[in-house]
Amino acid sequence: MKHLYKLFVLCAVMCFTLISCNEKNSKIINPEGKVALMWFDAEANFSRFSNKDSIDYYLEKVANLGFTHAVVCIRPISGEVLYDSKIAPRMTKWLGDEEIHFDYLGHFIQKAHALGMEVHASLNIFVAGHNYYDRGLVYSGHHDWATIVYNPERGLIPIYVEKRSYSAMVNPINEDYREHILSVLKEVAHLYPALDGIIIDRARYDGIRADFSDFSKKEFEKYIGEEVVRFPEDIYEWVKTEDGKYNRENGKHFLKWAEWRAKNIYDFFVLAHNEIKSVNPNISFGTYTGAWYPSYYEVGVNFASNTYDPSKDFDWATPEYKNFGYAEVLDLYTTGNYYTNISEEDYFTNNSIIRNETDSREWSGLWYTVEGSNRHLRNILGDNEFSGGILADQFYENPDGLRRSIEMNLTGSDGVMVFDIVHIITKNMWNEVELGMRNGGMIR
């Protein structure tokens, strides 16, 4: 009888322990295998995350909300890095903020792994300077890396002179720069063997207006096998309208130009994938790319599956354009569903017109809603998975839109990516994040 009594007590203790553990960990990571990524921008978070306690606090917070990945930017647009590199200068201060005196990425990896989260390092690729502060590699000895942009009023000028964009983008086929950035990517993979993945950002041209350097002209002429007599007019030219705006009038080589630029970006993705995997075959290779595919040819990017033929749907694509879809090169793809219209019904109610950062014109339609974007992306990406991204500061005046966007992305895609944690902190939108994650199935 004593043995039976002891067995009863032991069973009771075990049951109580299990119940207590379940209550303590009631927010269980989504069992369906979807991912949730919280992005930590380098510059915006430099001061806040310049100490380990702050990193620990917010990683614990997002882990409890069901986030599975921390995306940590370690190469902002200046081209500096947030780790001890033998190749690139380290960002020791940002706008007067305190220095980071510890292994920033290393600590993220250690803490996140203890919480069961993955860490993916994000690096901005074809950019090497901050135009608003004249800061970065383009300004410290590498003017030759800067892309040449076709300005409607000033003609062909270096981007660091124009100042229209805050990013001092580079020419993606500049051989010296490509060698530099590939070395950085390989260095990160080598220095951090426990890193779960690398996500490349801004792996693109600076819009339709770039790159019009002499080198690009010569390389394009090799590609098409003939001389471009009028450059850039035989690609396209800006035509001023009566209201003072500029429209693009395409020249005879425009379609092949769009194809060639897509090939250049595709070639880099393949090369970067192979170089990173040569260091660590198990590391994930991913990217962030804007979701606005109907206009994303303007930045030379074809993120679709190579089974999808855009020439059947869009007049800017040649039949050969499909050969440069890079979806199959990726292990992880996050895309920017940066729309304040969440459902397709929202569009019919608001009839919104949008113009994304890289667009040369305004757009409207069901594609430019979170629901519609996910539906279209399923078609062009084939069997490849993607996570819908959110630009959180779009919802400062409408926090519930953040909740709805999280839900819609988790419903319509294979996960969600929130850019960036600083916006959630600044406007205290944690309740909206929790509701979106809960209703989207990531926590319960």
# chains A, B, ... in the order shown; residues from 1 in each chain; ligands from 1
call {"tool": "residues_around", "arguments": {"residues": "Glu259 of chain A", "least_positions_apart": "4", "cutoff": "8 Å", "atoms": "only C-alpha atoms", "output": "list in words"}}
result
Leu255, Lys263, Gly300, Ala317, Thr318, Glu320 and Tyr321 of chain A
call {"tool": "residues_around", "arguments": {"residues": "Val81 of chain A", "least_positions_apart": "5", "cutoff": "9 Å", "atoms": "only C-alpha atoms", "output": "ChimeraX atom specification"}}
result
/A:73-76,88-92,123
call {"tool": "residues_around", "arguments": {"residues": "Ser78 of chain A", "least_positions_apart": "2", "cutoff": "8 Å", "atoms": "only C-alpha atoms", "output": "ChimeraX atom specification"}}
result
/A:75-76,80,127-130,135-137,167-168
call {"tool": "residues_around", "arguments": {"residues": "Pro294 of chain A", "least_positions_apart": "6", "cutoff": "12 Å", "atoms": "only C-alpha atoms", "output": "MDAnalysis selection string"}}
result
chainID A and resid 300:304 310:311 313:317 356 358:359 361:368 373 376:377 380
call {"tool": "residues_around", "arguments": {"residues": "His253 of chain A", "least_positions_apart": "2", "cutoff": "7 Å", "atoms": "only C-alpha atoms", "output": "JSON, numbers by chain"}}
result
{"A": [234, 235, 251, 255, 256, 257]}
call {"tool": "write_last_selection", "arguments": {"atoms": "N, CA and C atoms", "output": "CSV table (one decimal), in the first residue's frame"}}
result
chain,number,residue,atom,x,y,z
A,234,ASP,N,18.9,55.3,-77.0
A,234,ASP,CA,18.4,54.1,-77.6
A,234,ASP,C,18.0,53.1,-76.5
A,235,ILE,N,18.3,53.3,-75.3
A,235,ILE,CA,17.7,52.6,-74.2
A,235,ILE,C,16.3,53.2,-73.8
A,251,GLY,N,13.5,53.2,-75.9
A,251,GLY,CA,14.2,53.1,-77.2
A,251,GLY,C,14.2,51.7,-77.7
A,255,LEU,N,14.0,46.6,-74.2
A,255,LEU,CA,13.6,45.3,-73.8
A,255,LEU,C,14.9,44.4,-73.5
A,256,LYS,N,15.9,44.5,-74.4
A,256,LYS,CA,17.1,43.7,-74.1
A,256,LYS,C,17.9,44.3,-73.0
A,257,TRP,N,17.8,45.6,-72.8
A,257,TRP,CA,18.4,46.2,-71.6
A,257,TRP,C,17.8,45.7,-70.3
call {"tool": "closest_residue", "arguments": {"among": "A:Leu182, A:Ile173, A:Ile425, A:Ile353", "to": "Ala44 of chain A", "atoms": "only C-alpha atoms"}}
result
A:Ile425
call {"tool": "select_by_dssp", "arguments": {"residues": "segment 58-102 of chain A", "states": "strand (DSSP E or B)", "output": "mmCIF file with C-alpha atoms, in the first residue's frame"}}
result
data_model
loop_
_atom_site.group_PDB
_atom_site.id
_atom_site.type_symbol
_atom_site.label_atom_id
_atom_site.label_comp_id
_atom_site.auth_asym_id
_atom_site.auth_seq_id
_atom_site.Cartn_x
_atom_site.Cartn_y
_atom_site.Cartn_z
ATOM 1 C CA HIS A 69 13.747 34.172 -36.630
ATOM 2 C CA ALA A 70 15.733 37.278 -35.725
ATOM 3 C CA VAL A 71 17.078 39.053 -38.810
ATOM 4 C CA VAL A 72 20.061 41.129 -37.697
ATOM 5 C CA CYS A 73 21.415 43.748 -40.083
ATOM 6 C CA ILE A 74 25.213 43.810 -39.883
ATOM 7 C CA ARG A 75 25.945 45.811 -43.034
ATOM 8 C CA VAL A 81 29.813 46.418 -40.774
ATOM 9 C CA ARG A 90 33.471 48.535 -38.561
#
call {"tool": "closest_atom_pairs", "arguments": {"of": "segment 57-170 of chain A", "to": "segment 215-229 of chain A", "cutoff": "12 Å", "atoms": "only C-alpha atoms", "output": "tab-separated table"}}
result
residue	atom	partner	partner_atom	distance
A:Asp144	CA	A:Phe215	CA	11.0
A:Trp145	CA	A:Phe215	CA	11.4
A:Thr147	CA	A:Ser216	CA	9.9
A:Ile148	CA	A:Ser216	CA	9.5
A:Val149	CA	A:Ser216	CA	11.6
A:Val170	CA	A:Ser216	CA	11.9
call {"tool": "write_last_selection", "arguments": {"atoms": "C-alpha atoms", "output": "PDB file, in the first residue's frame"}}
result
ATOM      1  CA  ASP A 144      34.416  54.686 -58.810  1.00  0.00           C
ATOM      2  CA  TRP A 145      31.998  52.193 -57.228  1.00  0.00           C
ATOM      3  CA  THR A 147      26.343  53.943 -59.927  1.00  0.00           C
ATOM      4  CA  ILE A 148      25.805  56.450 -62.724  1.00  0.00           C
ATOM      5  CA  VAL A 149      22.178  57.540 -62.820  1.00  0.00           C
ATOM      6  CA  VAL A 170      26.818  50.943 -56.725  1.00  0.00           C
TER       7      VAL A 170
END
call {"tool": "residues_around", "arguments": {"residues": "segment 394-410 of chain A", "least_positions_apart": "4", "cutoff": "7 Å", "atoms": "only C-alpha atoms", "output": "ChimeraX atom specification"}}
result
/A:340,342,370-371,388,414-416,427,429,432-433,435-437,439-440
call {"tool": "atom_distance", "arguments": {"atom1": "atom CA of His107 of chain A", "atom2": "atom CA of Leu82 of chain A"}}
result
12.0 Å
call {"tool": "select_by_dssp", "arguments": {"residues": "segment 118-275 of chain A", "states": "helix (DSSP H, G or I)", "output": "PyMOL selection string"}}
result
chain A and resi 137-139+143-145+159-162+175-191+214-224+254-275
call {"tool": "atom_distance", "arguments": {"atom1": "atom CA of Ile199 of chain A", "atom2": "atom CA of Phe67 of chain A"}}
result
16.8 Å
call {"tool": "closest_residue", "arguments": {"among": "A:Phe231, A:Phe126, A:Trp39, A:Tyr160", "to": "Tyr58 of chain A", "atoms": "only C-alpha atoms"}}
result
A:Trp39
call {"tool": "residues_around", "arguments": {"residues": "Asp420 of chain A", "least_positions_apart": "4", "cutoff": "9 Å", "atoms": "only C-alpha atoms", "output": "number ranges by chain"}}
result
A: 38-41, 44, 390-393, 424
call {"tool": "atom_distance", "arguments": {"atom1": "atom CA of Asn45 of chain A", "atom2": "atom CA of Ala146 of chain A"}}
result
26.4 Å
call {"tool": "decode", "arguments": {"residues": "segment 293-412 of chain A", "atoms": "C-alpha atoms", "output": "PDB file, in the first residue's frame"}}
result
ATOM      1  CA  TYR A 293       6.708  42.449 -59.404  1.00  0.00           C
ATOM      2  CA  PRO A 294       4.841  44.380 -62.156  1.00  0.00           C
ATOM      3  CA  SER A 295       7.346  47.231 -61.770  1.00  0.00           C
ATOM      4  CA  TYR A 296      10.334  45.471 -60.226  1.00  0.00           C
ATOM      5  CA  TYR A 297      11.956  44.987 -63.613  1.00  0.00           C
ATOM      6  CA  GLU A 298      12.949  48.637 -63.116  1.00  0.00           C
ATOM      7  CA  VAL A 299      15.604  47.513 -60.628  1.00  0.00           C
ATOM      8  CA  GLY A 300      16.761  44.604 -62.769  1.00  0.00           C
ATOM      9  CA  VAL A 301      15.278  41.946 -60.533  1.00  0.00           C
ATOM     10  CA  ASN A 302      13.386  38.795 -61.480  1.00  0.00           C
ATOM     11  CA  PHE A 303      12.580  37.024 -58.227  1.00  0.00           C
ATOM     12  CA  ALA A 304      10.059  34.681 -59.875  1.00  0.00           C
ATOM     13  CA  SER A 305      10.403  30.969 -60.450  1.00  0.00           C
ATOM     14  CA  ASN A 306      12.191  30.073 -63.655  1.00  0.00           C
ATOM     15  CA  THR A 307       9.047  28.139 -64.569  1.00  0.00           C
ATOM     16  CA  TYR A 308       7.081  31.394 -64.848  1.00  0.00           C
ATOM     17  CA  ASP A 309       7.165  33.345 -68.117  1.00  0.00           C
ATOM     18  CA  PRO A 310       6.519  37.053 -67.450  1.00  0.00           C
ATOM     19  CA  SER A 311       6.486  37.854 -71.169  1.00  0.00           C
ATOM     20  CA  LYS A 312       2.975  36.394 -71.315  1.00  0.00           C
ATOM     21  CA  ASP A 313       1.715  38.942 -68.779  1.00  0.00           C
ATOM     22  CA  PHE A 314       3.966  41.997 -69.091  1.00  0.00           C
ATOM     23  CA  ASP A 315       5.158  44.037 -72.057  1.00  0.00           C
ATOM     24  CA  TRP A 316       8.583  44.741 -70.509  1.00  0.00           C
ATOM     25  CA  ALA A 317       9.736  41.133 -70.593  1.00  0.00           C
ATOM     26  CA  THR A 318      11.314  39.265 -73.489  1.00  0.00           C
ATOM     27  CA  PRO A 319      10.754  35.496 -73.842  1.00  0.00           C
ATOM     28  CA  GLU A 320      14.311  35.059 -72.510  1.00  0.00           C
ATOM     29  CA  TYR A 321      13.584  37.066 -69.353  1.00  0.00           C
ATOM     30  CA  LYS A 322      12.265  33.939 -67.609  1.00  0.00           C
ATOM     31  CA  ASN A 323      15.728  32.367 -67.749  1.00  0.00           C
ATOM     32  CA  PHE A 324      16.848  34.740 -65.017  1.00  0.00           C
ATOM     33  CA  GLY A 325      14.289  33.965 -62.333  1.00  0.00           C
ATOM     34  CA  TYR A 326      16.248  33.252 -59.163  1.00  0.00           C
ATOM     35  CA  ALA A 327      13.601  31.793 -56.828  1.00  0.00           C
ATOM     36  CA  GLU A 328      15.148  28.331 -57.091  1.00  0.00           C
ATOM     37  CA  VAL A 329      18.509  29.683 -55.899  1.00  0.00           C
ATOM     38  CA  LEU A 330      17.048  30.656 -52.501  1.00  0.00           C
ATOM     39  CA  ASP A 331      16.552  28.800 -49.237  1.00  0.00           C
ATOM     40  CA  LEU A 332      14.541  31.645 -47.691  1.00  0.00           C
ATOM     41  CA  TYR A 333      12.609  34.401 -49.439  1.00  0.00           C
ATOM     42  CA  THR A 334      11.008  37.379 -47.735  1.00  0.00           C
ATOM     43  CA  THR A 335       9.115  39.915 -49.799  1.00  0.00           C
ATOM     44  CA  GLY A 336       7.774  43.375 -49.068  1.00  0.00           C
ATOM     45  CA  ASN A 337       3.979  43.367 -48.978  1.00  0.00           C
ATOM     46  CA  TYR A 338       4.220  47.010 -47.987  1.00  0.00           C
ATOM     47  CA  TYR A 339       0.593  47.949 -48.512  1.00  0.00           C
ATOM     48  CA  THR A 340      -1.868  49.727 -46.236  1.00  0.00           C
ATOM     49  CA  ASN A 341      -4.736  48.112 -48.120  1.00  0.00           C
ATOM     50  CA  ILE A 342      -4.827  44.696 -46.481  1.00  0.00           C
ATOM     51  CA  SER A 343      -7.722  42.952 -48.224  1.00  0.00           C
ATOM     52  CA  GLU A 344      -8.814  43.233 -51.816  1.00  0.00           C
ATOM     53  CA  GLU A 345     -12.031  44.728 -50.494  1.00  0.00           C
ATOM     54  CA  ASP A 346      -9.960  47.553 -49.004  1.00  0.00           C
ATOM     55  CA  TYR A 347      -8.771  48.461 -52.480  1.00  0.00           C
ATOM     56  CA  PHE A 348     -12.308  48.761 -53.849  1.00  0.00           C
ATOM     57  CA  THR A 349     -13.183  50.956 -50.871  1.00  0.00           C
ATOM     58  CA  ASN A 350     -10.104  53.194 -50.923  1.00  0.00           C
ATOM     59  CA  ASN A 351      -9.030  52.981 -54.585  1.00  0.00           C
ATOM     60  CA  SER A 352      -5.499  53.816 -53.456  1.00  0.00           C
ATOM     61  CA  ILE A 353      -2.679  54.836 -55.764  1.00  0.00           C
ATOM     62  CA  ILE A 354       0.828  53.960 -54.615  1.00  0.00           C
ATOM     63  CA  ARG A 355       4.369  54.629 -55.679  1.00  0.00           C
ATOM     64  CA  ASN A 356       7.073  52.494 -54.120  1.00  0.00           C
ATOM     65  CA  GLU A 357      10.601  53.705 -53.468  1.00  0.00           C
ATOM     66  CA  THR A 358      12.003  52.219 -56.658  1.00  0.00           C
ATOM     67  CA  ASP A 359       9.111  53.020 -59.019  1.00  0.00           C
ATOM     68  CA  SER A 360       9.251  55.622 -61.778  1.00  0.00           C
ATOM     69  CA  ARG A 361       5.455  55.941 -61.892  1.00  0.00           C
ATOM     70  CA  GLU A 362       2.332  55.447 -59.777  1.00  0.00           C
ATOM     71  CA  TRP A 363       0.408  52.187 -59.645  1.00  0.00           C
ATOM     72  CA  SER A 364      -2.988  50.889 -58.567  1.00  0.00           C
ATOM     73  CA  GLY A 365      -4.820  47.567 -58.610  1.00  0.00           C
ATOM     74  CA  LEU A 366      -5.472  44.458 -56.564  1.00  0.00           C
ATOM     75  CA  TRP A 367      -1.797  43.477 -56.706  1.00  0.00           C
ATOM     76  CA  TYR A 368      -1.079  46.371 -54.348  1.00  0.00           C
ATOM     77  CA  THR A 369      -2.978  44.874 -51.428  1.00  0.00           C
ATOM     78  CA  VAL A 370      -1.560  42.313 -49.014  1.00  0.00           C
ATOM     79  CA  GLU A 371      -4.194  39.750 -49.978  1.00  0.00           C
ATOM     80  CA  GLY A 372      -3.836  40.339 -53.704  1.00  0.00           C
ATOM     81  CA  SER A 373      -0.060  40.398 -53.568  1.00  0.00           C
ATOM     82  CA  ASN A 374       0.105  37.009 -51.847  1.00  0.00           C
ATOM     83  CA  ARG A 375      -2.313  35.560 -54.383  1.00  0.00           C
ATOM     84  CA  HIS A 376      -0.265  36.813 -57.338  1.00  0.00           C
ATOM     85  CA  LEU A 377       3.035  35.785 -55.767  1.00  0.00           C
ATOM     86  CA  ARG A 378       1.795  32.203 -55.421  1.00  0.00           C
ATOM     87  CA  ASN A 379       1.448  32.160 -59.194  1.00  0.00           C
ATOM     88  CA  ILE A 380       4.831  33.610 -60.153  1.00  0.00           C
ATOM     89  CA  LEU A 381       6.806  31.757 -57.468  1.00  0.00           C
ATOM     90  CA  GLY A 382       5.451  28.320 -58.286  1.00  0.00           C
ATOM     91  CA  ASP A 383       6.277  25.818 -55.550  1.00  0.00           C
ATOM     92  CA  ASN A 384       8.763  28.138 -53.828  1.00  0.00           C
ATOM     93  CA  GLU A 385       7.884  29.401 -50.349  1.00  0.00           C
ATOM     94  CA  PHE A 386       7.828  33.062 -49.357  1.00  0.00           C
ATOM     95  CA  SER A 387       7.061  35.181 -46.317  1.00  0.00           C
ATOM     96  CA  GLY A 388       5.088  38.387 -46.678  1.00  0.00           C
ATOM     97  CA  GLY A 389       6.858  41.422 -45.256  1.00  0.00           C
ATOM     98  CA  ILE A 390       5.381  44.368 -43.360  1.00  0.00           C
ATOM     99  CA  LEU A 391       6.706  47.922 -43.106  1.00  0.00           C
ATOM    100  CA  ALA A 392       5.489  48.658 -39.597  1.00  0.00           C
ATOM    101  CA  ASP A 393       5.775  52.448 -39.726  1.00  0.00           C
ATOM    102  CA  GLN A 394       3.029  52.520 -42.360  1.00  0.00           C
ATOM    103  CA  PHE A 395       0.632  51.777 -39.507  1.00  0.00           C
ATOM    104  CA  TYR A 396       1.550  54.537 -37.072  1.00  0.00           C
ATOM    105  CA  GLU A 397      -1.852  56.172 -37.594  1.00  0.00           C
ATOM    106  CA  ASN A 398      -3.708  52.887 -37.953  1.00  0.00           C
ATOM    107  CA  PRO A 399      -2.228  50.322 -35.550  1.00  0.00           C
ATOM    108  CA  ASP A 400      -5.004  47.819 -36.212  1.00  0.00           C
ATOM    109  CA  GLY A 401      -3.793  47.684 -39.808  1.00  0.00           C
ATOM    110  CA  LEU A 402      -0.602  46.115 -38.476  1.00  0.00           C
ATOM    111  CA  ARG A 403      -2.614  43.392 -36.774  1.00  0.00           C
ATOM    112  CA  ARG A 404      -4.588  42.753 -39.972  1.00  0.00           C
ATOM    113  CA  SER A 405      -1.466  42.705 -42.138  1.00  0.00           C
ATOM    114  CA  ILE A 406       0.228  40.140 -39.889  1.00  0.00           C
ATOM    115  CA  GLU A 407      -2.868  37.937 -40.029  1.00  0.00           C
ATOM    116  CA  MET A 408      -3.230  38.266 -43.802  1.00  0.00           C
ATOM    117  CA  ASN A 409       0.424  37.459 -44.483  1.00  0.00           C
ATOM    118  CA  LEU A 410       0.294  34.414 -42.224  1.00  0.00           C
ATOM    119  CA  THR A 411      -2.869  33.296 -44.004  1.00  0.00           C
ATOM    120  CA  GLY A 412      -1.757  33.995 -47.562  1.00  0.00           C
TER     121      GLY A 412
END
